[in-house]
Amino acid sequence: MKVTYNWLKEFVDFDLSPEALADLLTMLGLEVEGMEKQGCGMDDVVVARVEEKHQHPNADKLSLCRVNNGSEVLDVVCGAQNFQQGDTVALAQIGATLPGDFKIKRSKIRGEESCGMLCSEKELGLAEESAGIMVLPAGLPLGTPLFEALGLKDTLLEIGLTPNRADCLSVAGIAREIAAKLGTSVRYPDTAIAEGSEAAEATISVTIEDADLCPRYAARYISGCRIAPSPEWLVKRLNAVGMRSISNVVDVTNLVMMELGHPLHAFDCDRLEGRRIVVRRAGEGELFTTLDDQQRTLTADDLVICDAARPVALAGVMGGLNSEIADSTANILLESAWFRPASIRRTSKRLGLHTESSHRFERGADIGMVTRALDRAALLIAQLSGGTVARGIVDDYPGRVELPVITLRPGRAGALLGIELSKQEAADILLRLECSVRETAEGNLEVVPPTYRIDIEREIDLVEELARMKGFDSIPATMPIARVVSDLPTLHQRMERSVRDILVNHGLNEIINFSFTSPDAADKLLLAGDDIRRTAIKLANPLVAEQSVMRTSLLPGVLETVARNTSFRTMDLKLFEIRRRYLPTSDEMPNEPLCIAGAFTGSRVPASWSSSSEAVDFYDVKGALENLLDLLHIRSVSWVADVPEPYYHPGKSCSIMSGRERIGTLGEIHPMVQANFEIEKPVYAFELDFEKLVTLSHQKRSISAPSRFPDSTRDIAMLAEDGVQAEQIVACVNGVKAREIEQVEIFDLYRGAGIQEGFKSIAIRIRYRSYERTLTDDEIGVIHARVLAALVNKLKVAIR
């Protein structure tokens with residue numbers, strides 16, 4: 001919102017400098033984002049008179065002038081042709097600096113000396129465009145600084161408003177704030193109209209078909225108008241706030257909008273069929289050409305202003321080309337209405353058509369300002385165009401707006417603000433804000449805000465108003481009263497943190513993917529048709545189709561991350577993600593279990609001069625998970641070779657069990673799944689059910705001192721069928737249940753020459769130790785014989 005210092009002083013009395021005024025407005029919540037002093041530093045631009053004007057001897061389009069600045073006569077070369085000898089002009093003398101940091105220097109133009117420049121409004125920053133130099137009124141004292149002589153020294157304030165303060169999108173609105181703060185009153189512009197004898201209702205009519213979107217529409221009829229350029233005072237006032245002059249009638253509607261904050265629109269009444277106004281919704285697909293000569297396709301959500309046959313304006317946004325004010329316009333229908341903010345905002349946004357009018361209506365104009373703004377504009381149009389205002393207003397007001405009645409508890413307001421606030425002081429502040437205030441029997445205040453304060457809806461809004469008027473800087477700073485609560489993390493939180501730490505310590509990097517994914521993720525994973533993970537929850541308003549459903553598995557996101565990184569030639573990856581997945585249930589809310597998923601691909605370690613590069617394999621992933629489960633104290637873990645999921649490679653995957661409970665899966669990704677995700681190298685992935693890990697984790701741990709007696713090891717080499725798993729061999733040894741068996745490990749596996757087809761050679765090492773004494777060879781031999789017998793009898797192996 002742009003407003004000038006002098007314009008504000010016409011509405012309210014105050015004795016503040018521009019800087020002090022800016023501080024006051026900012027502390028009221030109307031942040032002054034910029035200040036521009038008009039005419040400041042331009043005292044070298046003075047009033048002068050053209051004493052002589054001759055043709056430049058060396059240029060057809062230039063004039064050589066003798067200009068009197070009140071103290072001397074100077075030679076000035078000028079290219080404009082819109083002035084004559086004897087005219088009073090604006091002279092920028094040598095040393096003057098014009099807007100844009102343009103400095104005036106003594107110069108020669110086509111061989112003739114020029115000691116200054118005759119200026120136009122554009123060159124002085126007074127207008128966006130100008131056809132020639134400024135020709136000033138005769139009689140101004142020569143040598144006087146131009147801005148001082150014309151009364152143009154002013155300060156432009158640019159105020160940043162929050163969307164809820166539509167009431168301040170006008171000079172009157174900002175003046176109300178100043179008056180409320182300083183305890184003075186606002187002077188509203190004159191609206192007393194000398195009406196003609198003809199009644200407006202006899203000439204024009206208004207019908208509202210949709211009172212929900214347009215609760216009020218008022219109109220006046222002005223006849224015998226003459227369209228002409230606006231007077232200088234009006235042009236300069238609009239230019240000062242960045243608006244372009246069009247004609248006297250259109251400029252008046254813009255001026256009143258800036259003065260009072262209420263947008264108006266003037267129609268050429270002779271171009272309205274039946275001299276009627278009908279406010280209705282647009283037809284679906286209806287075409288309409290706006291004032292900018294653009295054809296718009298409307299929808300049933302758009303509100304249009306029509307005559308008896310067709311749309312003539314897009315309500316609250318822009319008028320129509322078919323009813324605009326033209327040079328031939330003589331009779332005017334002047335509109336002042338109130339439109340539902342949501343409707344204007346929707347239309348403006350859909351059409352990409354943001355105007356000064358829509359900016360105000362979509363934030364909420366003042367329904368109580370409809371007739372005041374209408375009368376003010378009608379008065380000025382009659383004065384400037386010579387028209388006659390018909391008697392009365394056609395005011396269709398079917399949707400009366402009920403103002404909220406809010407109860408304010410002064411004690412509660414003071415407690416919230418941390419200040420002493422009496423009932424009388426609160427009432428005085430609210431009365432200055434033009435609220436209606438009444439004391440209730442309970443000692444509270446019953447407050448009705450003015451029609452222009454649509455942002456005041458609740459008691460807390462009134463408390464904010466009291467704080468603004470008291471001054472935020474007057475509220476003492478106090479420490480908040482609060483109870484310090486320190487909650488220990490839950491088991492779930494501690495384990496989640498532990499999982500992250502363990503996996504990171506094993507060289508994995510955590511990734512974070514979106515919780516939504518593509519609907520074809522299940523197809524890429526080759527999931528069965530009846531798999532519950534195919535029943536994904538759809539988003540109501542997805543940003544893109546590729547992220548339109550909630551994920552039922554973390555694996556697609558992990559594999560997409562692998563594909564994206566490998567496409568950028570980052571080939572060695574060890575990734576994991578611990579996040580929730582979303583499974584549909586019979587209830588309204590989905591089941592959201594926390595899961596862990598990860599993937600390995602590329603080299604085990606980076607290639608270097610001291611080691612060769614080896615690709616990761618199944619056992620790298622298995623080793624990391626074994627350590628994770630061991631550190632989480634998950635007992636009875638076993639690895640069952642099977643094909644637990646369709647997205648794993650057959651024969652290269654397994655289920656991870658704890659007792660009889662499946663807690664996860666591990667395997668190489670199926671080649672078809674790799675192709676679906678456009679991954680070229682083998683990928684080994686895993687999934688763990690975090691919720692089961694929490695349940696199965698043993699938090700109570702037993703600690704025993706190590707044996708102080710020496711150990712002894714025995715190796716066994718055996719020939720076993722391919723179907724015998726290493727885990728079975730270890731379990732068979734431990735099944736002997738000898739306390740002296742401390743550790744069993746497999747240290748060799750061989751297939752090839754010398755080994756029968758369908759068999760393999762396995763070597764294990766058993767560590768024996770007693771906690772009571774040093775074992776003798778005979779004692780170890782007895783236990784070892786039992787181990788050999790168990791292996792032969794139970795697994796049918798041949799000892800080598």
# chains A, B, ... in the order shown; residues from 1 in each chain; ligands from 1
$ select_by_dssp --residues "range 320-541 of chain A" --states "helix (DSSP H, G or I)" --output "ChimeraX atom specification"
/A:321-323,341-351,356-361,367-385,410-417,423-432,459-470,472-474,491-505,521-524,532-534
$ residues_around --residues "range 226-229 of chain A" --least-positions-apart "5" --cutoff "7 Å" --atoms "only C-alpha atoms" --output "list of chain:residue names"
A:Ser247, A:Asn248, A:Val249, A:Asp327, A:Thr329, A:Ala330, A:Ser385, A:Gly386
$ write_last_selection --atoms "C-alpha atoms" --output "PDB file, in the first residue's frame"
ATOM      1  CA  SER A 247      -9.728  10.103 -17.886  1.00  0.00           C
ATOM      2  CA  ASN A 248     -11.609  12.216 -15.405  1.00  0.00           C
ATOM      3  CA  VAL A 249     -14.307   9.608 -14.687  1.00  0.00           C
ATOM      4  CA  ASP A 327     -14.690   9.630 -25.191  1.00  0.00           C
ATOM      5  CA  THR A 329     -19.757   8.475 -23.065  1.00  0.00           C
ATOM      6  CA  ALA A 330     -22.387  10.882 -21.728  1.00  0.00           C
ATOM      7  CA  SER A 385     -17.358  16.155 -15.924  1.00  0.00           C
ATOM      8  CA  GLY A 386     -20.250  18.587 -15.568  1.00  0.00           C
TER       9      GLY A 386
END
$ closest_atom_pairs --of "range 362-432 of chain A" --to "range 160-181 of chain A" --cutoff "12 Å" --atoms "only C-alpha atoms" --output "tab-separated table"
residue	atom	partner	partner_atom	distance
A:Glu362	CA	A:Ala166	CA	9.0
A:Arg363	CA	A:Ala166	CA	5.6
A:Gly364	CA	A:Ala166	CA	6.1
A:Ala365	CA	A:Ala166	CA	6.7
A:Asp366	CA	A:Asp167	CA	7.3
A:Ile367	CA	A:Asp167	CA	11.1
A:Gly368	CA	A:Asp167	CA	11.6
A:Met369	CA	A:Asp167	CA	10.7
A:Ala373	CA	A:Ala172	CA	11.4
A:Asp428	CA	A:Ala180	CA	9.9
A:Ile429	CA	A:Ala180	CA	7.5
A:Leu430	CA	A:Ala180	CA	8.8
A:Leu431	CA	A:Ala180	CA	8.6
A:Arg432	CA	A:Ala180	CA	4.9
$ closest_residue --among "A:Arg701, A:Lys538, A:Arg310, A:Arg500" --to "Phe288 in chain A" --atoms "only C-alpha atoms"
A:Arg310
$ residues_around --residues "Glu742 in chain A" --least-positions-apart "4" --cutoff "7 Å" --atoms "only C-alpha atoms" --output "PyMOL selection string"
chain A and resi 767-769
$ select_by_dssp --residues "range 163-380 of chain A" --states "strand (DSSP E or B)" --output "ChimeraX atom specification"
/A:195-199,205-208,216-223,265-268,276-281,287-290,295-297,303-306,311-314,318-320,332-338
$ write_last_selection --atoms "N, CA and C atoms" --output "short mmCIF file (atom, residue, chain, number, x, y, z; two decimals), in the first residue's frame"
data_model
loop_
_atom_site.label_atom_id
_atom_site.label_comp_id
_atom_site.auth_asym_id
_atom_site.auth_seq_id
_atom_site.Cartn_x
_atom_site.Cartn_y
_atom_site.Cartn_z
N GLU A 195 -28.29 16.74 -5.94
CA GLU A 195 -28.94 15.81 -6.87
C GLU A 195 -29.91 16.52 -7.79
N GLY A 196 -30.11 15.91 -8.95
CA GLY A 196 -31.08 16.42 -9.90
C GLY A 196 -32.49 15.99 -9.54
N SER A 197 -33.43 16.36 -10.36
CA SER A 197 -34.84 16.04 -10.08
C SER A 197 -35.21 14.63 -10.52
N GLU A 198 -34.51 14.09 -11.50
CA GLU A 198 -34.83 12.76 -12.02
C GLU A 198 -34.42 11.69 -11.02
N ALA A 199 -35.30 10.72 -10.76
CA ALA A 199 -35.02 9.65 -9.80
C ALA A 199 -34.19 8.56 -10.47
N SER A 205 -31.95 -0.08 -13.06
CA SER A 205 -32.44 -1.09 -12.10
C SER A 205 -31.32 -2.08 -11.80
N VAL A 206 -31.39 -2.69 -10.61
CA VAL A 206 -30.40 -3.66 -10.16
C VAL A 206 -31.12 -4.91 -9.65
N THR A 207 -30.66 -6.08 -10.13
CA THR A 207 -31.20 -7.36 -9.67
C THR A 207 -30.06 -8.27 -9.27
N ILE A 208 -30.10 -8.79 -8.04
CA ILE A 208 -29.07 -9.72 -7.57
C ILE A 208 -29.67 -11.13 -7.58
N ARG A 216 -24.61 -7.24 -1.49
CA ARG A 216 -25.04 -5.83 -1.65
C ARG A 216 -24.50 -5.26 -2.96
N TYR A 217 -25.39 -4.54 -3.68
CA TYR A 217 -24.99 -3.86 -4.92
C TYR A 217 -25.75 -2.55 -4.98
N ALA A 218 -25.01 -1.44 -5.03
CA ALA A 218 -25.61 -0.11 -5.10
C ALA A 218 -25.14 0.59 -6.36
N ALA A 219 -25.98 1.47 -6.90
CA ALA A 219 -25.63 2.16 -8.14
C ALA A 219 -26.22 3.57 -8.13
N ARG A 220 -25.55 4.48 -8.81
CA ARG A 220 -26.04 5.83 -9.06
C ARG A 220 -26.00 6.10 -10.56
N TYR A 221 -26.89 7.01 -10.98
CA TYR A 221 -26.96 7.38 -12.39
C TYR A 221 -26.53 8.83 -12.53
N ILE A 222 -25.56 9.09 -13.43
CA ILE A 222 -25.05 10.44 -13.67
C ILE A 222 -25.18 10.73 -15.16
N SER A 223 -25.92 11.75 -15.50
CA SER A 223 -26.19 12.07 -16.92
C SER A 223 -25.46 13.35 -17.33
N HIS A 265 -16.76 0.93 -10.05
CA HIS A 265 -16.64 0.75 -11.50
C HIS A 265 -17.70 1.60 -12.18
N ALA A 266 -17.28 2.27 -13.26
CA ALA A 266 -18.19 3.12 -14.03
C ALA A 266 -18.50 2.46 -15.36
N PHE A 267 -19.83 2.32 -15.67
CA PHE A 267 -20.28 1.76 -16.95
C PHE A 267 -20.82 2.88 -17.83
N ASP A 268 -20.62 2.74 -19.13
CA ASP A 268 -21.32 3.60 -20.09
C ASP A 268 -22.76 3.11 -20.13
N ARG A 276 -30.07 -2.06 -17.35
CA ARG A 276 -30.25 -2.95 -16.19
C ARG A 276 -28.90 -3.51 -15.75
N ILE A 277 -28.83 -3.84 -14.47
CA ILE A 277 -27.70 -4.58 -13.91
C ILE A 277 -28.26 -5.86 -13.29
N VAL A 278 -27.68 -7.00 -13.73
CA VAL A 278 -28.06 -8.31 -13.18
C VAL A 278 -26.78 -8.97 -12.68
N VAL A 279 -26.77 -9.32 -11.39
CA VAL A 279 -25.60 -9.98 -10.80
C VAL A 279 -25.90 -11.48 -10.72
N ARG A 280 -25.12 -12.27 -11.44
CA ARG A 280 -25.37 -13.72 -11.48
C ARG A 280 -24.06 -14.47 -11.64
N ARG A 281 -24.15 -15.80 -11.50
CA ARG A 281 -23.00 -16.66 -11.81
C ARG A 281 -22.87 -16.80 -13.31
N LEU A 287 -17.97 -17.07 -22.60
CA LEU A 287 -16.84 -16.25 -23.02
C LEU A 287 -17.10 -14.79 -22.68
N PHE A 288 -16.03 -14.09 -22.29
CA PHE A 288 -16.17 -12.68 -21.92
C PHE A 288 -14.85 -11.97 -22.19
N THR A 289 -14.92 -10.77 -22.79
CA THR A 289 -13.72 -9.99 -23.10
C THR A 289 -13.58 -8.86 -22.10
N THR A 290 -12.48 -8.88 -21.36
CA THR A 290 -12.24 -7.88 -20.32
C THR A 290 -11.61 -6.63 -20.91
N GLN A 295 -9.89 -12.32 -24.20
CA GLN A 295 -11.10 -13.14 -24.07
C GLN A 295 -10.91 -14.18 -22.98
N ARG A 296 -11.81 -14.23 -22.02
CA ARG A 296 -11.71 -15.15 -20.88
C ARG A 296 -12.82 -16.19 -20.97
N THR A 297 -12.45 -17.43 -20.63
CA THR A 297 -13.44 -18.50 -20.54
C THR A 297 -13.83 -18.67 -19.08
N LEU A 303 -18.44 -14.98 -10.72
CA LEU A 303 -19.57 -14.05 -10.61
C LEU A 303 -19.40 -12.96 -11.65
N VAL A 304 -20.49 -12.67 -12.40
CA VAL A 304 -20.42 -11.65 -13.45
C VAL A 304 -21.51 -10.61 -13.24
N ILE A 305 -21.21 -9.40 -13.70
CA ILE A 305 -22.19 -8.30 -13.73
C ILE A 305 -22.70 -8.24 -15.16
N CYS A 306 -24.00 -8.34 -15.33
CA CYS A 306 -24.59 -8.39 -16.66
C CYS A 306 -25.58 -7.24 -16.85
N PRO A 311 -22.88 -10.48 -20.17
CA PRO A 311 -21.96 -9.99 -19.13
C PRO A 311 -21.30 -8.69 -19.57
N VAL A 312 -21.13 -7.76 -18.61
CA VAL A 312 -20.46 -6.50 -18.89
C VAL A 312 -19.29 -6.25 -17.94
N ALA A 313 -19.11 -7.13 -16.95
CA ALA A 313 -17.96 -6.99 -16.04
C ALA A 313 -17.75 -8.30 -15.30
N LEU A 314 -16.51 -8.57 -14.97
CA LEU A 314 -16.13 -9.71 -14.13
C LEU A 314 -16.11 -9.18 -12.70
N MET A 318 -12.42 -7.08 -13.01
CA MET A 318 -12.17 -6.16 -14.13
C MET A 318 -13.45 -5.96 -14.92
N GLY A 319 -13.60 -4.77 -15.47
CA GLY A 319 -14.76 -4.46 -16.32
C GLY A 319 -14.64 -5.09 -17.69
N GLY A 320 -15.69 -4.87 -18.48
CA GLY A 320 -15.73 -5.45 -19.82
C GLY A 320 -15.48 -4.43 -20.90
N ILE A 332 -23.64 7.75 -17.25
CA ILE A 332 -22.83 6.78 -16.51
C ILE A 332 -23.67 6.08 -15.45
N LEU A 333 -23.51 4.77 -15.37
CA LEU A 333 -24.01 4.02 -14.21
C LEU A 333 -22.79 3.70 -13.35
N LEU A 334 -22.79 4.18 -12.12
CA LEU A 334 -21.66 4.03 -11.22
C LEU A 334 -21.96 2.93 -10.21
N GLU A 335 -21.08 1.93 -10.18
CA GLU A 335 -21.28 0.74 -9.33
C GLU A 335 -20.46 0.84 -8.05
N SER A 336 -21.09 0.44 -6.94
CA SER A 336 -20.39 0.24 -5.67
C SER A 336 -21.04 -0.98 -5.03
N ALA A 337 -20.26 -2.06 -4.85
CA ALA A 337 -20.84 -3.33 -4.40
C ALA A 337 -19.92 -4.00 -3.40
N TRP A 338 -20.40 -5.10 -2.85
CA TRP A 338 -19.60 -5.94 -1.94
C TRP A 338 -19.72 -7.37 -2.40
#
$ atom_distance --atom1 "CA of Val744 in chain A" --atom2 "CA of Val621 in chain A"
21.6 Å
$ residues_around --residues "range 44-60 of chain A" --least-positions-apart "5" --cutoff "10 Å" --atoms "only C-alpha atoms" --output "MDAnalysis selection string"
chainID A and resid 39 65:71 73:79 83:98 104 109:112 116:119 124 135:136 138 140:150
$ closest_residue --among "A:Val616, A:Leu488, A:Ala378, A:Val370" --to "His262 in chain A" --atoms "only C-alpha atoms"
A:Val370
$ decode --residues "range 430-444 of chain A" --atoms "N, CA, C and O atoms" --output "PDB file, in the first residue's frame"
ATOM      1  N   LEU A 430     -11.019   0.698  22.677  1.00  0.00           N
ATOM      2  CA  LEU A 430     -11.923   0.102  21.688  1.00  0.00           C
ATOM      3  C   LEU A 430     -12.834   1.143  21.065  1.00  0.00           C
ATOM      4  O   LEU A 430     -13.176   1.057  19.881  1.00  0.00           O
ATOM      5  N   LEU A 431     -13.231   2.148  21.838  1.00  0.00           N
ATOM      6  CA  LEU A 431     -14.049   3.224  21.269  1.00  0.00           C
ATOM      7  C   LEU A 431     -13.255   4.038  20.266  1.00  0.00           C
ATOM      8  O   LEU A 431     -13.795   4.469  19.238  1.00  0.00           O
ATOM      9  N   ARG A 432     -11.955   4.254  20.549  1.00  0.00           N
ATOM     10  CA  ARG A 432     -11.111   4.954  19.584  1.00  0.00           C
ATOM     11  C   ARG A 432     -10.978   4.162  18.281  1.00  0.00           C
ATOM     12  O   ARG A 432     -10.750   4.740  17.222  1.00  0.00           O
ATOM     13  N   LEU A 433     -11.093   2.830  18.381  1.00  0.00           N
ATOM     14  CA  LEU A 433     -11.040   1.968  17.185  1.00  0.00           C
ATOM     15  C   LEU A 433     -12.402   1.854  16.502  1.00  0.00           C
ATOM     16  O   LEU A 433     -12.587   1.013  15.618  1.00  0.00           O
ATOM     17  N   GLU A 434     -13.339   2.718  16.922  1.00  0.00           N
ATOM     18  CA  GLU A 434     -14.681   2.799  16.333  1.00  0.00           C
ATOM     19  C   GLU A 434     -15.505   1.535  16.576  1.00  0.00           C
ATOM     20  O   GLU A 434     -16.385   1.194  15.778  1.00  0.00           O
ATOM     21  N   CYS A 435     -15.210   0.818  17.673  1.00  0.00           N
ATOM     22  CA  CYS A 435     -16.028  -0.316  18.086  1.00  0.00           C
ATOM     23  C   CYS A 435     -17.194   0.190  18.919  1.00  0.00           C
ATOM     24  O   CYS A 435     -17.129   1.243  19.564  1.00  0.00           O
ATOM     25  N   SER A 436     -18.258  -0.595  18.924  1.00  0.00           N
ATOM     26  CA  SER A 436     -19.374  -0.337  19.829  1.00  0.00           C
ATOM     27  C   SER A 436     -19.118  -1.125  21.110  1.00  0.00           C
ATOM     28  O   SER A 436     -18.866  -2.332  21.053  1.00  0.00           O
ATOM     29  N   VAL A 437     -19.174  -0.455  22.282  1.00  0.00           N
ATOM     30  CA  VAL A 437     -18.812  -1.091  23.546  1.00  0.00           C
ATOM     31  C   VAL A 437     -19.947  -0.903  24.558  1.00  0.00           C
ATOM     32  O   VAL A 437     -20.469   0.213  24.727  1.00  0.00           O
ATOM     33  N   ARG A 438     -20.299  -2.012  25.234  1.00  0.00           N
ATOM     34  CA  ARG A 438     -21.331  -1.964  26.286  1.00  0.00           C
ATOM     35  C   ARG A 438     -20.887  -2.836  27.444  1.00  0.00           C
ATOM     36  O   ARG A 438     -20.397  -3.943  27.235  1.00  0.00           O
ATOM     37  N   GLU A 439     -21.052  -2.340  28.669  1.00  0.00           N
ATOM     38  CA  GLU A 439     -20.682  -3.113  29.847  1.00  0.00           C
ATOM     39  C   GLU A 439     -21.798  -4.072  30.213  1.00  0.00           C
ATOM     40  O   GLU A 439     -22.984  -3.710  30.211  1.00  0.00           O
ATOM     41  N   THR A 440     -21.436  -5.311  30.536  1.00  0.00           N
ATOM     42  CA  THR A 440     -22.418  -6.323  30.912  1.00  0.00           C
ATOM     43  C   THR A 440     -22.569  -6.380  32.424  1.00  0.00           C
ATOM     44  O   THR A 440     -21.775  -5.805  33.176  1.00  0.00           O
ATOM     45  N   ALA A 441     -23.588  -7.097  32.865  1.00  0.00           N
ATOM     46  CA  ALA A 441     -23.846  -7.220  34.300  1.00  0.00           C
ATOM     47  C   ALA A 441     -22.710  -7.936  35.013  1.00  0.00           C
ATOM     48  O   ALA A 441     -22.488  -7.737  36.212  1.00  0.00           O
ATOM     49  N   GLU A 442     -21.981  -8.797  34.295  1.00  0.00           N
ATOM     50  CA  GLU A 442     -20.876  -9.544  34.906  1.00  0.00           C
ATOM     51  C   GLU A 442     -19.603  -8.715  35.013  1.00  0.00           C
ATOM     52  O   GLU A 442     -18.563  -9.202  35.486  1.00  0.00           O
ATOM     53  N   GLY A 443     -19.642  -7.473  34.543  1.00  0.00           N
ATOM     54  CA  GLY A 443     -18.449  -6.634  34.598  1.00  0.00           C
ATOM     55  C   GLY A 443     -17.550  -6.769  33.393  1.00  0.00           C
ATOM     56  O   GLY A 443     -16.443  -6.210  33.368  1.00  0.00           O
ATOM     57  N   ASN A 444     -17.991  -7.503  32.383  1.00  0.00           N
ATOM     58  CA  ASN A 444     -17.234  -7.640  31.145  1.00  0.00           C
ATOM     59  C   ASN A 444     -17.669  -6.576  30.141  1.00  0.00           C
ATOM     60  O   ASN A 444     -18.600  -5.804  30.396  1.00  0.00           O
TER      61      ASN A 444
END
